[in-house]
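Undergrad: Input: one structure, supplied below.
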Amino acid sequence: MSEDAPIGLAVAEKILGLIFIILGAVVAYYSMNPPAGDISHFAGIFTATGLVIVAIGIFLLIAKTE
C-alpha cells in the first residue's frame with residue numbers, strides 16, 4: 001500500500017524550510033557584520049552555524065515529501 005503524506009505536512013515542511021533559510025541568513029549576516037562591541041573572536045563559528053542552518057532550510061525546501 002502506498003499512501004501519500006498529508007498535504008498539511010508537506011506545506012509545514014516547506015514553511016519550516018523558509019524560516020530556516022531566513023533565520024540562517026540573518027545569523028550569518030550579523031556574524032559577518034557585527035554591531036558595535038567585540039564579538040569578533042566567535043564570528044567564524046556563528047557564520048558557519050548560520051550557513052549550516054541555511055543549508056538545512058534549502059534541503060527542506062527541495063526534499064520531496066512522500
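Residue numbering restarts at 1 for every chain of the C-alpha cells, chains are lettered A, B, ... in their displayed order, and ligands are numbered from 1 as they appear.
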Please return, as a PyMOL selection string, all residues of chain A that DSSP assigns to helix (DSSP H, G or I) on the basis of the backbone.
TA: chain A and resi 7-32+40-62
Undergrad: Could you state the separation of CA of Asn33 in chain A and CA of Lys14 in chain A in Å, given to one decimal place?
TA: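 CA of Lys14 in chain A lies at a distance of 28.6 Å from CA of Asn33 in chain A.
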Undergrad: Between A:Leu18, A:Ile7, A:Val26, A:Ala12, which has the minimum distance to Ile56 in chain A (counting only C-alpha atoms)?
TA: A:Leu18
Undergrad: If we count only C-alpha atoms and set the cut-off at 12 Å, which residues sit around Val54 in chain A, ignoring sequence neighbours fewer than 4 positions away in its own chain? Please answer as a list in words.
TA: Leu16, Gly17, Leu18, Ile19, Phe20, Ile21, Ile22, Leu23, Gly24, Ala25, Val26, Val27, Ala28, Tyr29, Thr47, Ala48, Thr49, Gly50, Ile58, Phe59, Leu60 and Leu61 of chain A
Undergrad: Suppose you want the space between CA of Ser31 in chain A and CA of Ala43 in chain A; what is it in Å?
TA: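 Between CA of Ser31 in chain A and CA of Ala43 in chain A the gap works out to 5.2 Å.
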Undergrad: Do a neighbour search on Thr65 in chain A at 10 Å with only C-alpha atoms, toss out local chain neighbours closer than 5 positions, and write the hits as a VMD selection string.
TA: chain A and resid 4 to 7 9 to 11 13 to 14 60
Undergrad: As an exercise, work out the distance from CA of Val52 in chain A to CA of Ala36 in chain A in Å and give it to one decimal place.
TA: 25.1 Å
